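See below for start_29.cif, which holds mmCIF, C-alpha atoms.
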```
data_protein
loop_
_atom_site.group_PDB
_atom_site.id
_atom_site.type_symbol
_atom_site.label_atom_id
_atom_site.label_comp_id
_atom_site.auth_asym_id
_atom_site.auth_seq_id
_atom_site.Cartn_x
_atom_site.Cartn_y
_atom_site.Cartn_z
ATOM 1 C CA MET A 1316 0.000 0.000 0.000
ATOM 2 C CA LYS A 1317 1.179 3.537 -0.749
ATOM 3 C CA VAL A 1318 0.829 5.885 2.227
ATOM 4 C CA LEU A 1319 0.947 9.683 2.065
ATOM 5 C CA ILE A 1320 1.734 11.322 5.419
ATOM 6 C CA VAL A 1321 0.914 15.007 5.806
ATOM 7 C CA TYR A 1322 2.702 16.307 8.903
ATOM 8 C CA ALA A 1323 2.158 19.713 10.515
ATOM 9 C CA HIS A 1324 4.444 20.544 13.441
ATOM 10 C CA PRO A 1325 7.543 22.783 13.308
ATOM 11 C CA ARG A 1326 9.626 21.147 16.058
ATOM 12 C CA GLU A 1327 12.255 18.506 15.418
ATOM 13 C CA GLU A 1328 11.527 16.809 18.734
ATOM 14 C CA GLY A 1329 8.472 16.057 20.831
ATOM 15 C CA LEU A 1330 5.482 13.748 20.659
ATOM 16 C CA ASN A 1331 4.295 14.673 17.173
ATOM 17 C CA ARG A 1332 7.749 14.040 15.717
ATOM 18 C CA GLY A 1333 7.841 10.749 17.620
ATOM 19 C CA ILE A 1334 4.484 9.770 16.117
ATOM 20 C CA LEU A 1335 5.764 10.634 12.641
ATOM 21 C CA ASN A 1336 8.976 8.664 13.092
ATOM 22 C CA MET A 1337 7.134 5.626 14.423
ATOM 23 C CA ALA A 1338 4.584 5.847 11.606
ATOM 24 C CA VAL A 1339 7.285 5.821 8.939
ATOM 25 C CA GLU A 1340 9.245 3.049 10.668
ATOM 26 C CA THR A 1341 6.191 0.829 11.182
ATOM 27 C CA LEU A 1342 4.733 1.325 7.732
ATOM 28 C CA GLU A 1343 8.013 0.658 5.968
ATOM 29 C CA ALA A 1344 8.662 -2.401 8.154
ATOM 30 C CA ASN A 1345 5.316 -3.742 6.936
ATOM 31 C CA ASN A 1346 6.269 -3.201 3.291
ATOM 32 C CA HIS A 1347 4.197 -0.084 2.691
ATOM 33 C CA GLU A 1348 5.593 2.668 0.472
ATOM 34 C CA VAL A 1349 5.690 5.944 2.417
ATOM 35 C CA THR A 1350 5.832 9.575 1.261
ATOM 36 C CA VAL A 1351 6.089 12.321 3.900
ATOM 37 C CA ARG A 1352 4.974 15.893 3.265
ATOM 38 C CA ASP A 1353 6.355 17.896 6.198
ATOM 39 C CA LEU A 1354 4.529 21.177 5.638
ATOM 40 C CA TYR A 1355 6.864 23.307 7.765
ATOM 41 C CA LYS A 1356 10.043 21.867 6.247
ATOM 42 C CA MET A 1357 8.541 22.400 2.801
ATOM 43 C CA ASN A 1358 7.640 25.977 3.749
ATOM 44 C CA PHE A 1359 4.267 25.266 2.181
ATOM 45 C CA ASN A 1360 2.423 28.463 1.289
ATOM 46 C CA PRO A 1361 -0.900 28.293 3.162
ATOM 47 C CA VAL A 1362 -2.346 31.562 1.825
ATOM 48 C CA LEU A 1363 -5.313 31.085 -0.484
ATOM 49 C CA GLN A 1364 -5.246 33.822 -3.121
ATOM 50 C CA ALA A 1365 -8.346 35.459 -4.585
ATOM 51 C CA GLU A 1366 -7.756 33.936 -8.013
ATOM 52 C CA GLU A 1367 -7.788 30.436 -6.457
ATOM 53 C CA THR A 1368 -11.215 30.841 -4.846
ATOM 54 C CA ILE A 1369 -14.496 29.893 -6.459
ATOM 55 C CA HIS A 1370 -17.343 32.313 -6.935
ATOM 56 C CA ILE A 1371 -20.637 32.399 -8.811
ATOM 57 C CA GLU A 1372 -20.990 33.844 -12.303
ATOM 58 C CA GLU A 1373 -24.221 33.381 -14.224
ATOM 59 C CA GLY A 1374 -25.258 30.618 -11.866
ATOM 60 C CA LYS A 1375 -22.024 28.599 -12.212
ATOM 61 C CA PHE A 1376 -19.029 28.085 -9.953
ATOM 62 C CA VAL A 1377 -15.892 29.563 -11.537
ATOM 63 C CA ARG A 1378 -12.399 30.686 -10.491
ATOM 64 C CA ASP A 1379 -10.156 33.317 -12.051
ATOM 65 C CA ASN A 1380 -7.345 30.773 -12.472
ATOM 66 C CA THR A 1381 -8.402 28.155 -14.993
ATOM 67 C CA ASP A 1382 -5.889 25.720 -13.483
ATOM 68 C CA TYR A 1383 -4.519 25.035 -10.013
ATOM 69 C CA PRO A 1384 -1.166 26.593 -8.988
ATOM 70 C CA ASP A 1385 1.883 24.372 -9.542
ATOM 71 C CA ASP A 1386 2.541 23.793 -5.827
ATOM 72 C CA VAL A 1387 -1.075 22.717 -5.347
ATOM 73 C CA LYS A 1388 -0.963 20.374 -8.349
ATOM 74 C CA ILE A 1389 2.022 18.561 -6.807
ATOM 75 C CA GLU A 1390 0.068 17.872 -3.608
ATOM 76 C CA GLN A 1391 -3.064 16.859 -5.501
ATOM 77 C CA GLN A 1392 -1.119 14.414 -7.645
ATOM 78 C CA LEU A 1393 0.424 12.848 -4.549
ATOM 79 C CA ILE A 1394 -3.055 12.333 -3.095
ATOM 80 C CA LEU A 1395 -4.160 10.598 -6.282
ATOM 81 C CA GLU A 1396 -1.096 8.321 -6.291
ATOM 82 C CA HIS A 1397 -1.536 7.057 -2.716
ATOM 83 C CA ASP A 1398 -3.963 4.609 -1.113
ATOM 84 C CA LEU A 1399 -3.898 5.799 2.510
ATOM 85 C CA LEU A 1400 -3.807 9.460 3.547
ATOM 86 C CA LEU A 1401 -2.376 9.887 7.066
ATOM 87 C CA TYR A 1402 -2.495 13.252 8.879
ATOM 88 C CA ILE A 1403 -0.435 14.024 11.998
ATOM 89 C CA PHE A 1404 -0.898 17.364 13.763
ATOM 90 C CA PRO A 1405 -1.483 19.092 17.138
ATOM 91 C CA ILE A 1406 -4.405 21.179 18.334
ATOM 92 C CA TRP A 1407 -3.445 24.791 19.055
ATOM 93 C CA TRP A 1408 -5.931 27.394 20.283
ATOM 94 C CA ASN A 1409 -8.781 24.923 19.795
ATOM 95 C CA SER A 1410 -7.902 24.367 16.154
ATOM 96 C CA TYR A 1411 -5.232 22.820 13.975
ATOM 97 C CA PRO A 1412 -2.084 24.602 12.757
ATOM 98 C CA ALA A 1413 -2.667 27.430 10.285
ATOM 99 C CA ILE A 1414 -0.300 25.823 7.784
ATOM 100 C CA LEU A 1415 -2.509 22.714 7.694
ATOM 101 C CA LYS A 1416 -5.673 24.800 7.351
ATOM 102 C CA GLY A 1417 -4.068 26.565 4.393
ATOM 103 C CA TYR A 1418 -3.047 23.228 2.894
ATOM 104 C CA ILE A 1419 -6.660 22.063 3.094
ATOM 105 C CA ASP A 1420 -7.997 25.367 1.705
ATOM 106 C CA ARG A 1421 -5.688 25.234 -1.301
ATOM 107 C CA VAL A 1422 -5.269 21.513 -2.046
ATOM 108 C CA PHE A 1423 -8.800 20.291 -1.335
ATOM 109 C CA ALA A 1424 -10.135 22.653 -3.944
ATOM 110 C CA HIS A 1425 -13.449 22.661 -5.756
ATOM 111 C CA GLY A 1426 -13.182 20.485 -8.820
ATOM 112 C CA PHE A 1427 -10.563 18.264 -7.210
ATOM 113 C CA ALA A 1428 -11.683 17.040 -3.767
ATOM 114 C CA TYR A 1429 -15.341 17.928 -4.234
ATOM 115 C CA SER A 1430 -17.632 19.418 -6.826
ATOM 116 C CA PHE A 1431 -21.131 20.804 -6.943
ATOM 117 C CA GLU A 1432 -21.370 20.150 -10.661
ATOM 118 C CA ASP A 1433 -19.637 16.935 -11.706
ATOM 119 C CA LYS A 1434 -18.970 13.522 -10.204
ATOM 120 C CA GLU A 1435 -15.290 13.162 -11.126
ATOM 121 C CA ALA A 1436 -14.239 14.084 -7.586
ATOM 122 C CA PHE A 1437 -16.166 11.084 -6.307
ATOM 123 C CA LYS A 1438 -14.520 8.743 -8.808
ATOM 124 C CA ARG A 1439 -10.920 9.832 -8.364
ATOM 125 C CA PHE A 1440 -11.026 9.197 -4.607
ATOM 126 C CA GLU A 1441 -12.701 5.789 -4.794
ATOM 127 C CA GLY A 1442 -10.986 3.119 -2.679
ATOM 128 C CA LYS A 1443 -8.824 5.552 -0.712
ATOM 129 C CA LYS A 1444 -8.627 5.561 3.083
ATOM 130 C CA ALA A 1445 -7.679 8.218 5.632
ATOM 131 C CA LEU A 1446 -6.385 8.162 9.200
ATOM 132 C CA PHE A 1447 -5.704 11.001 11.646
ATOM 133 C CA PHE A 1448 -3.417 11.238 14.698
ATOM 134 C CA THR A 1449 -3.984 14.432 16.691
ATOM 135 C CA THR A 1450 -2.344 15.603 19.917
ATOM 136 C CA THR A 1451 -3.766 18.088 22.406
ATOM 137 C CA GLY A 1452 -2.943 19.472 25.822
ATOM 138 C CA GLN A 1453 -6.568 19.210 26.863
ATOM 139 C CA PRO A 1454 -8.034 16.120 28.513
ATOM 140 C CA GLN A 1455 -10.148 13.795 26.400
ATOM 141 C CA GLY A 1456 -12.975 13.419 28.891
ATOM 142 C CA GLU A 1457 -13.884 10.453 31.032
ATOM 143 C CA ASN A 1458 -12.731 7.137 29.626
ATOM 144 C CA GLY A 1459 -11.631 8.833 26.406
ATOM 145 C CA VAL A 1460 -15.139 10.093 25.610
ATOM 146 C CA GLU A 1461 -15.193 12.840 22.983
ATOM 147 C CA THR A 1462 -15.189 16.431 24.174
ATOM 148 C CA ASP A 1463 -16.672 19.419 22.351
ATOM 149 C CA LEU A 1464 -13.147 20.256 21.178
ATOM 150 C CA THR A 1465 -12.392 16.870 19.640
ATOM 151 C CA LYS A 1466 -15.838 16.790 18.036
ATOM 152 C CA ALA A 1467 -15.185 20.203 16.458
ATOM 153 C CA ILE A 1468 -11.772 19.137 15.127
ATOM 154 C CA LYS A 1469 -13.252 15.963 13.648
ATOM 155 C CA ILE A 1470 -16.004 17.925 11.924
ATOM 156 C CA THR A 1471 -13.555 20.322 10.273
ATOM 157 C CA THR A 1472 -10.990 17.692 9.282
ATOM 158 C CA SER A 1473 -11.765 13.990 9.075
ATOM 159 C CA ASN A 1474 -15.505 14.540 8.568
ATOM 160 C CA TRP A 1475 -15.538 17.385 6.054
ATOM 161 C CA MET A 1476 -12.341 16.791 4.070
ATOM 162 C CA PHE A 1477 -13.767 13.524 2.797
ATOM 163 C CA ASN A 1478 -17.483 14.187 3.107
ATOM 164 C CA GLY A 1479 -18.101 14.464 -0.630
ATOM 165 C CA ASN A 1480 -15.594 12.099 -2.199
ATOM 166 C CA GLY A 1481 -16.134 8.670 -0.686
ATOM 167 C CA VAL A 1482 -12.816 8.251 1.152
ATOM 168 C CA GLU A 1483 -13.126 5.780 4.035
ATOM 169 C CA VAL A 1484 -11.974 7.457 7.248
ATOM 170 C CA LEU A 1485 -10.531 4.643 9.350
ATOM 171 C CA ASP A 1486 -10.246 6.663 12.555
ATOM 172 C CA HIS A 1487 -9.406 10.021 14.080
ATOM 173 C CA VAL A 1488 -7.273 9.252 17.129
ATOM 174 C CA PHE A 1489 -6.768 11.946 19.781
ATOM 175 C CA TYR A 1490 -3.985 11.846 22.369
ATOM 176 C CA GLY A 1491 -4.817 14.256 25.198
ATOM 177 C CA ARG A 1492 -3.093 15.864 28.216
ATOM 178 C CA VAL A 1493 0.206 15.705 26.363
ATOM 179 C CA PRO A 1494 2.187 18.293 28.451
ATOM 180 C CA TYR A 1495 1.211 16.502 31.670
ATOM 181 C CA LEU A 1496 2.044 12.929 30.689
ATOM 182 C CA THR A 1497 4.904 10.933 32.132
ATOM 183 C CA GLN A 1498 7.609 9.564 29.859
ATOM 184 C CA GLU A 1499 6.049 6.123 30.216
ATOM 185 C CA GLU A 1500 2.672 7.471 29.089
ATOM 186 C CA LEU A 1501 4.285 9.222 26.121
ATOM 187 C CA ASP A 1502 6.078 6.015 25.196
ATOM 188 C CA ASN A 1503 2.756 4.182 25.358
ATOM 189 C CA ILE A 1504 1.285 6.613 22.826
ATOM 190 C CA ILE A 1505 4.111 5.809 20.414
ATOM 191 C CA LEU A 1506 3.440 2.104 20.951
ATOM 192 C CA ASP A 1507 -0.271 2.704 20.333
ATOM 193 C CA VAL A 1508 0.574 4.358 17.000
ATOM 194 C CA LYS A 1509 2.717 1.369 16.100
ATOM 195 C CA TYR A 1510 -0.051 -1.080 17.027
ATOM 196 C CA ARG A 1511 -2.714 0.762 15.037
ATOM 197 C CA LEU A 1512 -0.546 0.969 11.925
ATOM 198 C CA GLU A 1513 0.427 -2.686 12.147
ATOM 199 C CA GLN A 1514 -3.280 -3.553 11.793
ATOM 200 C CA LEU A 1515 -3.523 -1.894 8.374
ATOM 201 C CA LYS A 1516 -4.232 -4.199 5.460
#
```

Using structure tokens, write down the structure that the file contains.
Amino acid sequence: MKVLIVYAHPREEGLNRGILNMAVETLEANNHEVTVRDLYKMNFNPVLQAEETIHIEEGKFVRDNTDYPDDVKIEQQLILEHDLLLYIFPIWWNSYPAILKGYIDRVFAHGFAYSFEDKEAFKRFEGKKALFFTTTGQPQGENGVETDLTKAIKITTSNWMFNGNGVEVLDHVFYGRVPYLTQEELDNIILDVKYRLEQLK
């Protein structure tokens, strides 16, 4: 299986980097082909320009640019070439990093990831799967029950990114209370990531 990892955290150390490293190690050990898109290292431009946005003219959705920008086309092609889309990112200020939001705004564009007018977006994503690993400093609620925060993050990422194109979202895993965890608890998160990825078929 070909796995595309989109990673959004600027630090070279810490739990998110540990999750990324374990993900790559585990996937490759299980004979999966892995591509990592580290948005900060790439210096990905998250700013959606006016000419990239859609608007209505004479009852139809149009954009000033007739094609996607080159940097966006690279990311879109990588999505098309991979079977599993894996996203690793933290929650900051009750949301996800701005660079990831900009990636979604620009890459998951109308006509590619969804469309109000044609069904090609549904076809090109058929058979793909997605998985999310998200860290947060906030607790996850009793017995891991979802909180309003985790529900909101799921709605704006794993729910909506693939709402109109038929991608199977395998899970959206949240790891909470990160700054307050012991080293043993942090190590157990890394082992949990390994276990979950080893179950992939």

Smallest atom-to-atom distance to Gly1374 (chain A): which of A:Glu1432, A:Val1339, A:Pro1361, A:His1397, using only C-alpha atoms?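 Ranked by minimum distance to Gly1374 (chain A), first place goes to A:Glu1432.
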
Here is a test: counting all atoms listed in the file, which residue of A:Ala1467, A:Ile1504, A:Ala1323, A:Ala1424 is nearest to Asp1353 (chain A)?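 For Asp1353 (chain A), the nearest of the candidates is A:Ala1323.
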
Counting only C-alpha atoms, what are the residues of region 1434-1486 of chain A within 12 Å of region 1389-1394 of chain A, and for each of them which pair of atoms is the nearest and at what distance in Å, to one decimal? Sort the table by chain and rising number, as JSON lines.
```
{"residue": "A:Ala1436", "atom": "CA", "partner": "A:Gln1391", "partner_atom": "CA", "distance": 11.7}
{"residue": "A:Arg1439", "atom": "CA", "partner": "A:Ile1394", "partner_atom": "CA", "distance": 9.8}
{"residue": "A:Phe1440", "atom": "CA", "partner": "A:Ile1394", "partner_atom": "CA", "distance": 8.7}
{"residue": "A:Glu1441", "atom": "CA", "partner": "A:Ile1394", "partner_atom": "CA", "distance": 11.8}
{"residue": "A:Lys1443", "atom": "CA", "partner": "A:Ile1394", "partner_atom": "CA", "distance": 9.2}
{"residue": "A:Lys1444", "atom": "CA", "partner": "A:Ile1394", "partner_atom": "CA", "distance": 10.7}
{"residue": "A:Ala1445", "atom": "CA", "partner": "A:Ile1394", "partner_atom": "CA", "distance": 10.7}
{"residue": "A:Val1482", "atom": "CA", "partner": "A:Ile1394", "partner_atom": "CA", "distance": 11.4}
```

At a cut-off of 10 Å from (-4.3, 24.8, 5.1) in the coordinates of the file, what residues are picked up using all atoms listed in the file, written as a ChimeraX atom specification? /A:1323,1354,1359-1363,1411-1423

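Across the structure, CA of Asn1409 (chain A) and CA of Lys1466 (chain A) are spaced 10.9 Å apart.
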
Restricting the calculation to all atoms listed in the file: of A:Gly1426, A:Phe1489, A:Asp1385, A:Gln1514, which residue gets closest to Thr1368 (chain A)? A:Gly1426

Test item: residues at most 12 Å from Tyr1495 (chain A), all atoms listed in the file, excluding those fewer than 6 positions along its chain, as number ranges by chain: A: 1451-1454, 1501

Using the selection just defined, write its residues with C-alpha atoms as a PDB file, keeping the file's coordinate frame.
```pdb
ATOM      1  CA  THR A1451      -3.766  18.088  22.406  1.00  0.00           C
ATOM      2  CA  GLY A1452      -2.943  19.472  25.822  1.00  0.00           C
ATOM      3  CA  GLN A1453      -6.568  19.210  26.863  1.00  0.00           C
ATOM      4  CA  PRO A1454      -8.034  16.120  28.513  1.00  0.00           C
ATOM      5  CA  LEU A1501       4.285   9.222  26.121  1.00  0.00           C
TER       6      LEU A1501
END
```
